[in-house]
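Shown next, in structure tokens, is the structure this report addresses.
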Amino acid sequence: MIQFRRMTYFTRTELSAALHELGQLAVDAGKVIDLALYGGSCLTLVSNFRVGSEDVDAVAIADQDFIDRAARTIAARHGWPDDWLNDGVRTYLSPAVEGHAAHELFATYPDETNPGLRVYVPNAHYMLAMKLMALRIEPAEKDLEDIVNLLRVVGINNKEEIVAFAAEFYPEARVSGKLRLALDQLWRAYQAKFESNDDEPPRYLSRGGTARNR
């Protein structure tokens, strides 16, 4: 018998509520855990161009085992898949970034006076580099949209800059055939976005703009 994976979809409100529950479980266990969010879940919280995510890409700085157990407890409460929160994104973490470097503290859960979970997110530059390295040769439309918007936030407006930019975090980007093969389609999406010029400027962590400033 084939078992289909139960799907979840987290809006900003639902994701915040889930993190609140996770933080409360950490408080109940007498812990304060630093957790870094990536991918669509991060963009859902900190940008104005993602409205939701099907799962939560998150890596604990320490005590990943507790986070995994707590996530399964929350999954059982709501009927979610056990892997609604998972650390598979570790594959795409840059070896050039250690600890909280290139990250910013986003929020503390349940709240600042009763901390159990401190949630960090990558800055726009690191997020863009990660997205570029994870880009498929035939990327999904939502991945293209995420990258195009991050390119605009960071201020890259030249196709030739993209590989060199990614290589600042991932030196192997310079020889990545996968990234180079996807560039043409990515750049067509970028140009189309600018030609339409009918949307709100993209923002990340309440910041937008076109000047590249690291």
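Ligands are numbered from 1 in the order shown, residues from 1 within each chain, and chains are lettered A, B, ... in the order they appear in the structure tokens.
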Need to verify the contact set: region 58-68 of chain A, 8 Å, only C-alpha atoms, exclusion of same-chain residues closer than 2 positions in sequence. Can you return it as a list in words?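 The residues that qualify are Leu22, Ile33, Asp34, Leu35, Ala36, Leu37, Tyr38, Val56, Ala70, Ala71, Arg72, Leu85, Asn86, Asp87, Val89, Arg90 and Gly99 of chain A.
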Requested in this report: as JSON, numbers by chain, please: all residues of region 23-156 of chain A that backbone DSSP puts in alpha helix (DSSP H).
Outcome: {"A": [23, 24, 25, 26, 27, 28, 39, 40, 41, 42, 43, 44, 45, 46, 64, 65, 66, 67, 68, 69, 70, 71, 72, 73, 74, 75, 76, 77, 78, 124, 125, 126, 127, 128, 129, 130, 131, 132, 133, 141, 142, 143, 144, 145, 146, 147, 148, 149, 150, 151, 152, 153, 154]}
Those residues you just picked out, can you put them in a file as a short mmCIF file (atom, residue, chain, number, x, y, z; two decimals), in the first residue's frame with N, CA and C atoms?
```cif
data_model
loop_
_atom_site.label_atom_id
_atom_site.label_comp_id
_atom_site.auth_asym_id
_atom_site.auth_seq_id
_atom_site.Cartn_x
_atom_site.Cartn_y
_atom_site.Cartn_z
N GLY A 23 9.31 26.94 21.32
CA GLY A 23 9.98 27.69 22.39
C GLY A 23 9.44 27.34 23.76
N GLN A 24 8.12 27.12 23.85
CA GLN A 24 7.54 26.77 25.14
C GLN A 24 8.02 25.40 25.60
N LEU A 25 8.16 24.46 24.67
CA LEU A 25 8.68 23.14 25.04
C LEU A 25 10.12 23.25 25.54
N ALA A 26 10.89 24.14 24.95
CA ALA A 26 12.26 24.35 25.42
C ALA A 26 12.26 24.96 26.82
N VAL A 27 11.39 25.92 27.06
CA VAL A 27 11.27 26.51 28.40
C VAL A 27 10.90 25.44 29.42
N ASP A 28 9.93 24.61 29.07
CA ASP A 28 9.48 23.55 29.98
C ASP A 28 10.61 22.58 30.30
N GLY A 39 15.61 28.87 3.91
CA GLY A 39 14.66 28.50 2.87
C GLY A 39 13.35 29.27 2.92
N GLY A 40 12.30 28.60 2.44
CA GLY A 40 11.01 29.25 2.35
C GLY A 40 10.44 29.68 3.68
N SER A 41 10.73 28.92 4.74
CA SER A 41 10.21 29.30 6.06
C SER A 41 10.82 30.61 6.53
N CYS A 42 12.12 30.78 6.28
CA CYS A 42 12.76 32.05 6.62
C CYS A 42 12.16 33.19 5.81
N LEU A 43 12.04 32.99 4.50
CA LEU A 43 11.49 34.03 3.64
C LEU A 43 10.06 34.39 4.02
N THR A 44 9.29 33.41 4.47
CA THR A 44 7.91 33.66 4.91
C THR A 44 7.90 34.64 6.08
N LEU A 45 8.86 34.50 6.98
CA LEU A 45 8.90 35.36 8.17
C LEU A 45 9.47 36.74 7.90
N VAL A 46 10.50 36.83 7.05
CA VAL A 46 11.25 38.09 7.00
C VAL A 46 11.13 38.85 5.69
N GLN A 64 20.38 19.57 18.65
CA GLN A 64 19.46 19.24 17.56
C GLN A 64 18.54 18.09 17.94
N ASP A 65 19.03 17.16 18.77
CA ASP A 65 18.20 16.03 19.18
C ASP A 65 16.95 16.50 19.91
N PHE A 66 17.11 17.49 20.80
CA PHE A 66 15.94 18.00 21.51
C PHE A 66 14.96 18.65 20.54
N ILE A 67 15.47 19.46 19.62
CA ILE A 67 14.60 20.12 18.63
C ILE A 67 13.84 19.08 17.82
N ASP A 68 14.50 18.01 17.41
CA ASP A 68 13.83 16.96 16.64
C ASP A 68 12.71 16.30 17.45
N ARG A 69 12.99 16.02 18.73
CA ARG A 69 11.97 15.39 19.58
C ARG A 69 10.80 16.35 19.80
N ALA A 70 11.12 17.61 20.07
CA ALA A 70 10.06 18.60 20.31
C ALA A 70 9.21 18.79 19.05
N ALA A 71 9.85 18.78 17.89
CA ALA A 71 9.11 18.94 16.64
C ALA A 71 8.16 17.77 16.43
N ARG A 72 8.59 16.57 16.79
CA ARG A 72 7.69 15.41 16.66
C ARG A 72 6.52 15.50 17.63
N THR A 73 6.76 16.05 18.81
CA THR A 73 5.67 16.25 19.77
C THR A 73 4.62 17.20 19.20
N ILE A 74 5.09 18.28 18.60
CA ILE A 74 4.17 19.26 18.01
C ILE A 74 3.45 18.65 16.80
N ALA A 75 4.17 17.85 16.02
CA ALA A 75 3.55 17.18 14.88
C ALA A 75 2.40 16.29 15.32
N ALA A 76 2.60 15.56 16.42
CA ALA A 76 1.55 14.67 16.93
C ALA A 76 0.33 15.47 17.37
N ARG A 77 0.54 16.64 17.94
CA ARG A 77 -0.57 17.47 18.39
C ARG A 77 -1.46 17.91 17.23
N HIS A 78 -0.82 18.21 16.10
CA HIS A 78 -1.55 18.84 14.99
C HIS A 78 -1.80 17.92 13.81
N ALA A 124 20.54 38.75 3.87
CA ALA A 124 20.08 38.58 2.49
C ALA A 124 21.17 38.02 1.59
N HIS A 125 22.43 38.40 1.85
CA HIS A 125 23.52 37.93 1.00
C HIS A 125 23.73 36.42 1.14
N TYR A 126 23.72 35.95 2.38
CA TYR A 126 23.92 34.52 2.61
C TYR A 126 22.71 33.73 2.09
N MET A 127 21.52 34.24 2.32
CA MET A 127 20.33 33.57 1.82
C MET A 127 20.36 33.45 0.30
N LEU A 128 20.76 34.51 -0.38
CA LEU A 128 20.84 34.47 -1.84
C LEU A 128 21.87 33.44 -2.30
N ALA A 129 23.03 33.42 -1.67
CA ALA A 129 24.07 32.47 -2.06
C ALA A 129 23.58 31.03 -1.87
N MET A 130 22.89 30.76 -0.76
CA MET A 130 22.35 29.43 -0.52
C MET A 130 21.33 29.05 -1.60
N LYS A 131 20.46 29.98 -1.93
CA LYS A 131 19.45 29.72 -2.94
C LYS A 131 20.09 29.44 -4.30
N LEU A 132 21.14 30.17 -4.63
CA LEU A 132 21.83 29.96 -5.90
C LEU A 132 22.46 28.57 -5.95
N MET A 133 23.08 28.15 -4.85
CA MET A 133 23.75 26.85 -4.85
C MET A 133 22.76 25.69 -4.85
N GLU A 141 9.26 27.55 -10.33
CA GLU A 141 8.95 28.97 -10.48
C GLU A 141 9.13 29.73 -9.17
N LYS A 142 8.73 29.12 -8.04
CA LYS A 142 8.84 29.83 -6.76
C LYS A 142 10.30 30.04 -6.38
N ASP A 143 11.19 29.09 -6.76
CA ASP A 143 12.61 29.27 -6.47
C ASP A 143 13.19 30.40 -7.31
N LEU A 144 12.78 30.47 -8.58
CA LEU A 144 13.22 31.58 -9.42
C LEU A 144 12.76 32.91 -8.85
N GLU A 145 11.51 32.96 -8.42
CA GLU A 145 10.97 34.21 -7.87
C GLU A 145 11.74 34.63 -6.62
N ASP A 146 12.04 33.66 -5.75
CA ASP A 146 12.80 33.97 -4.54
C ASP A 146 14.16 34.57 -4.90
N ILE A 147 14.86 33.94 -5.85
CA ILE A 147 16.20 34.40 -6.21
C ILE A 147 16.15 35.76 -6.89
N VAL A 148 15.20 35.93 -7.79
CA VAL A 148 15.07 37.22 -8.46
C VAL A 148 14.83 38.34 -7.44
N ASN A 149 13.97 38.11 -6.49
CA ASN A 149 13.70 39.13 -5.47
C ASN A 149 14.92 39.38 -4.59
N LEU A 150 15.65 38.33 -4.25
CA LEU A 150 16.86 38.50 -3.44
C LEU A 150 17.95 39.23 -4.23
N LEU A 151 18.05 38.95 -5.52
CA LEU A 151 19.00 39.70 -6.35
C LEU A 151 18.69 41.19 -6.29
N ARG A 152 17.41 41.52 -6.31
CA ARG A 152 17.01 42.93 -6.27
C ARG A 152 17.30 43.54 -4.89
N VAL A 153 17.07 42.76 -3.83
CA VAL A 153 17.36 43.27 -2.48
C VAL A 153 18.85 43.54 -2.32
N VAL A 154 19.66 42.58 -2.76
CA VAL A 154 21.12 42.69 -2.61
C VAL A 154 21.69 43.73 -3.55
#
```
Rounded to one decimal, what separation in Å do you get between CA of Ala96 (chain A) and CA of Arg50 (chain A)?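 CA of Arg50 (chain A) lies at a distance of 26.9 Å from CA of Ala96 (chain A).
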Inset, instruction - Could you check which of A:His103, A:Lys193, A:Arg118, A:Arg188 is closest to Lys159 (chain A), using only C-alpha atoms? - result: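 Using only C-alpha atoms, Lys159 (chain A) sits closest to A:Arg188.
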So which bits of chain A end up strand (DSSP E) when you DSSP the backbone, as an MDAnalysis selection string? chainID A and resid 33:38 56:60 85:86 103:111 114:122
Keeping only N, CA and C atoms, write the selected residues to a file as a PDB file, in the first residue's frame.
```
ATOM      1  N   ILE A  33      17.598  27.476  23.363  1.00  0.00           N
ATOM      2  CA  ILE A  33      18.234  26.911  22.172  1.00  0.00           C
ATOM      3  C   ILE A  33      18.261  27.935  21.048  1.00  0.00           C
ATOM      4  N   ASP A  34      19.403  28.018  20.374  1.00  0.00           N
ATOM      5  CA  ASP A  34      19.546  28.878  19.199  1.00  0.00           C
ATOM      6  C   ASP A  34      19.234  28.052  17.959  1.00  0.00           C
ATOM      7  N   LEU A  35      18.310  28.555  17.150  1.00  0.00           N
ATOM      8  CA  LEU A  35      17.860  27.844  15.960  1.00  0.00           C
ATOM      9  C   LEU A  35      17.956  28.779  14.766  1.00  0.00           C
ATOM     10  N   ALA A  36      18.597  28.319  13.688  1.00  0.00           N
ATOM     11  CA  ALA A  36      18.706  29.111  12.460  1.00  0.00           C
ATOM     12  C   ALA A  36      17.698  28.599  11.443  1.00  0.00           C
ATOM     13  N   LEU A  37      16.889  29.508  10.898  1.00  0.00           N
ATOM     14  CA  LEU A  37      15.877  29.181   9.895  1.00  0.00           C
ATOM     15  C   LEU A  37      16.385  29.552   8.509  1.00  0.00           C
ATOM     16  N   TYR A  38      16.060  28.705   7.528  1.00  0.00           N
ATOM     17  CA  TYR A  38      16.491  28.945   6.157  1.00  0.00           C
ATOM     18  C   TYR A  38      15.324  28.713   5.192  1.00  0.00           C
ATOM     19  N   VAL A  56       9.682  23.493   7.345  1.00  0.00           N
ATOM     20  CA  VAL A  56      10.560  24.435   8.033  1.00  0.00           C
ATOM     21  C   VAL A  56      11.977  23.894   7.984  1.00  0.00           C
ATOM     22  N   ASP A  57      12.853  24.603   7.261  1.00  0.00           N
ATOM     23  CA  ASP A  57      14.268  24.245   7.198  1.00  0.00           C
ATOM     24  C   ASP A  57      14.974  24.940   8.354  1.00  0.00           C
ATOM     25  N   ALA A  58      15.448  24.161   9.314  1.00  0.00           N
ATOM     26  CA  ALA A  58      16.002  24.763  10.529  1.00  0.00           C
ATOM     27  C   ALA A  58      17.138  23.914  11.080  1.00  0.00           C
ATOM     28  N   VAL A  59      18.158  24.587  11.573  1.00  0.00           N
ATOM     29  CA  VAL A  59      19.322  23.908  12.144  1.00  0.00           C
ATOM     30  C   VAL A  59      19.594  24.483  13.520  1.00  0.00           C
ATOM     31  N   ALA A  60      19.631  23.618  14.524  1.00  0.00           N
ATOM     32  CA  ALA A  60      19.959  24.053  15.880  1.00  0.00           C
ATOM     33  C   ALA A  60      21.475  24.231  15.988  1.00  0.00           C
ATOM     34  N   LEU A  85       9.553  20.032  10.532  1.00  0.00           N
ATOM     35  CA  LEU A  85      10.772  20.795  10.805  1.00  0.00           C
ATOM     36  C   LEU A  85      11.921  19.815  10.636  1.00  0.00           C
ATOM     37  N   ASN A  86      12.882  20.164   9.773  1.00  0.00           N
ATOM     38  CA  ASN A  86      13.987  19.245   9.534  1.00  0.00           C
ATOM     39  C   ASN A  86      15.270  20.014   9.238  1.00  0.00           C
ATOM     40  N   HIS A 103      24.339  35.888  10.120  1.00  0.00           N
ATOM     41  CA  HIS A 103      22.972  35.690  10.611  1.00  0.00           C
ATOM     42  C   HIS A 103      22.561  36.877  11.483  1.00  0.00           C
ATOM     43  N   GLU A 104      21.261  37.051  11.619  1.00  0.00           N
ATOM     44  CA  GLU A 104      20.728  38.070  12.517  1.00  0.00           C
ATOM     45  C   GLU A 104      19.654  37.449  13.397  1.00  0.00           C
ATOM     46  N   LEU A 105      19.587  37.906  14.641  1.00  0.00           N
ATOM     47  CA  LEU A 105      18.539  37.432  15.541  1.00  0.00           C
ATOM     48  C   LEU A 105      17.209  38.001  15.080  1.00  0.00           C
ATOM     49  N   PHE A 106      16.254  37.104  14.837  1.00  0.00           N
ATOM     50  CA  PHE A 106      14.938  37.533  14.368  1.00  0.00           C
ATOM     51  C   PHE A 106      13.947  37.695  15.511  1.00  0.00           C
ATOM     52  N   ALA A 107      13.838  36.684  16.372  1.00  0.00           N
ATOM     53  CA  ALA A 107      12.845  36.731  17.455  1.00  0.00           C
ATOM     54  C   ALA A 107      13.174  35.684  18.508  1.00  0.00           C
ATOM     55  N   THR A 108      12.606  35.881  19.689  1.00  0.00           N
ATOM     56  CA  THR A 108      12.753  34.944  20.798  1.00  0.00           C
ATOM     57  C   THR A 108      11.374  34.410  21.165  1.00  0.00           C
ATOM     58  N   TYR A 109      11.288  33.095  21.363  1.00  0.00           N
ATOM     59  CA  TYR A 109      10.006  32.445  21.663  1.00  0.00           C
ATOM     60  C   TYR A 109      10.095  31.676  22.970  1.00  0.00           C
ATOM     61  N   PRO A 110       9.031  31.611  23.793  1.00  0.00           N
ATOM     62  CA  PRO A 110       7.716  32.234  23.598  1.00  0.00           C
ATOM     63  C   PRO A 110       7.772  33.762  23.575  1.00  0.00           C
ATOM     64  N   ASP A 111       8.705  34.371  24.343  1.00  0.00           N
ATOM     65  CA  ASP A 111       8.870  35.816  24.275  1.00  0.00           C
ATOM     66  C   ASP A 111      10.210  36.175  24.899  1.00  0.00           C
ATOM     67  N   ASN A 114      10.778  35.338  28.557  1.00  0.00           N
ATOM     68  CA  ASN A 114      10.701  33.920  28.908  1.00  0.00           C
ATOM     69  C   ASN A 114      11.297  33.094  27.762  1.00  0.00           C
ATOM     70  N   PRO A 115      12.611  33.251  27.521  1.00  0.00           N
ATOM     71  CA  PRO A 115      13.208  32.658  26.322  1.00  0.00           C
ATOM     72  C   PRO A 115      13.390  31.148  26.411  1.00  0.00           C
ATOM     73  N   GLY A 116      13.025  30.480  25.332  1.00  0.00           N
ATOM     74  CA  GLY A 116      13.310  29.058  25.195  1.00  0.00           C
ATOM     75  C   GLY A 116      13.959  28.795  23.852  1.00  0.00           C
ATOM     76  N   LEU A 117      13.632  29.664  22.890  1.00  0.00           N
ATOM     77  CA  LEU A 117      14.118  29.503  21.532  1.00  0.00           C
ATOM     78  C   LEU A 117      14.513  30.869  20.974  1.00  0.00           C
ATOM     79  N   ARG A 118      15.762  30.983  20.560  1.00  0.00           N
ATOM     80  CA  ARG A 118      16.219  32.194  19.869  1.00  0.00           C
ATOM     81  C   ARG A 118      16.368  31.847  18.400  1.00  0.00           C
ATOM     82  N   VAL A 119      15.577  32.500  17.559  1.00  0.00           N
ATOM     83  CA  VAL A 119      15.552  32.180  16.128  1.00  0.00           C
ATOM     84  C   VAL A 119      16.406  33.184  15.356  1.00  0.00           C
ATOM     85  N   TYR A 120      17.375  32.643  14.628  1.00  0.00           N
ATOM     86  CA  TYR A 120      18.258  33.442  13.779  1.00  0.00           C
ATOM     87  C   TYR A 120      17.909  33.191  12.319  1.00  0.00           C
ATOM     88  N   VAL A 121      18.163  34.188  11.481  1.00  0.00           N
ATOM     89  CA  VAL A 121      17.961  34.036  10.039  1.00  0.00           C
ATOM     90  C   VAL A 121      19.211  34.550   9.326  1.00  0.00           C
ATOM     91  N   PRO A 122      19.540  33.989   8.163  1.00  0.00           N
ATOM     92  CA  PRO A 122      20.689  34.488   7.408  1.00  0.00           C
ATOM     93  C   PRO A 122      20.408  35.879   6.860  1.00  0.00           C
TER      94      PRO A 122
END
```
Item checked: Atomic distance CA of Leu205 (chain A) - CA of Pro139 (chain A), expressed in Å with one decimal ->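 Between CA of Leu205 (chain A) and CA of Pro139 (chain A) the gap is 24.8 Å.
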What gap, in Å, lies between CA of Thr113 (chain A) and CA of Gly30 (chain A)?
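Computing it gives 14.1 Å between the two atoms.
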- Excluding region 174-182 of chain A and residues on its chain fewer than 6 positions from it, collect all residues at most 7 Å away from it, counting only C-alpha atoms, and give them as a PyMOL selection string. chain A and resi 133+135-138+163-164+167
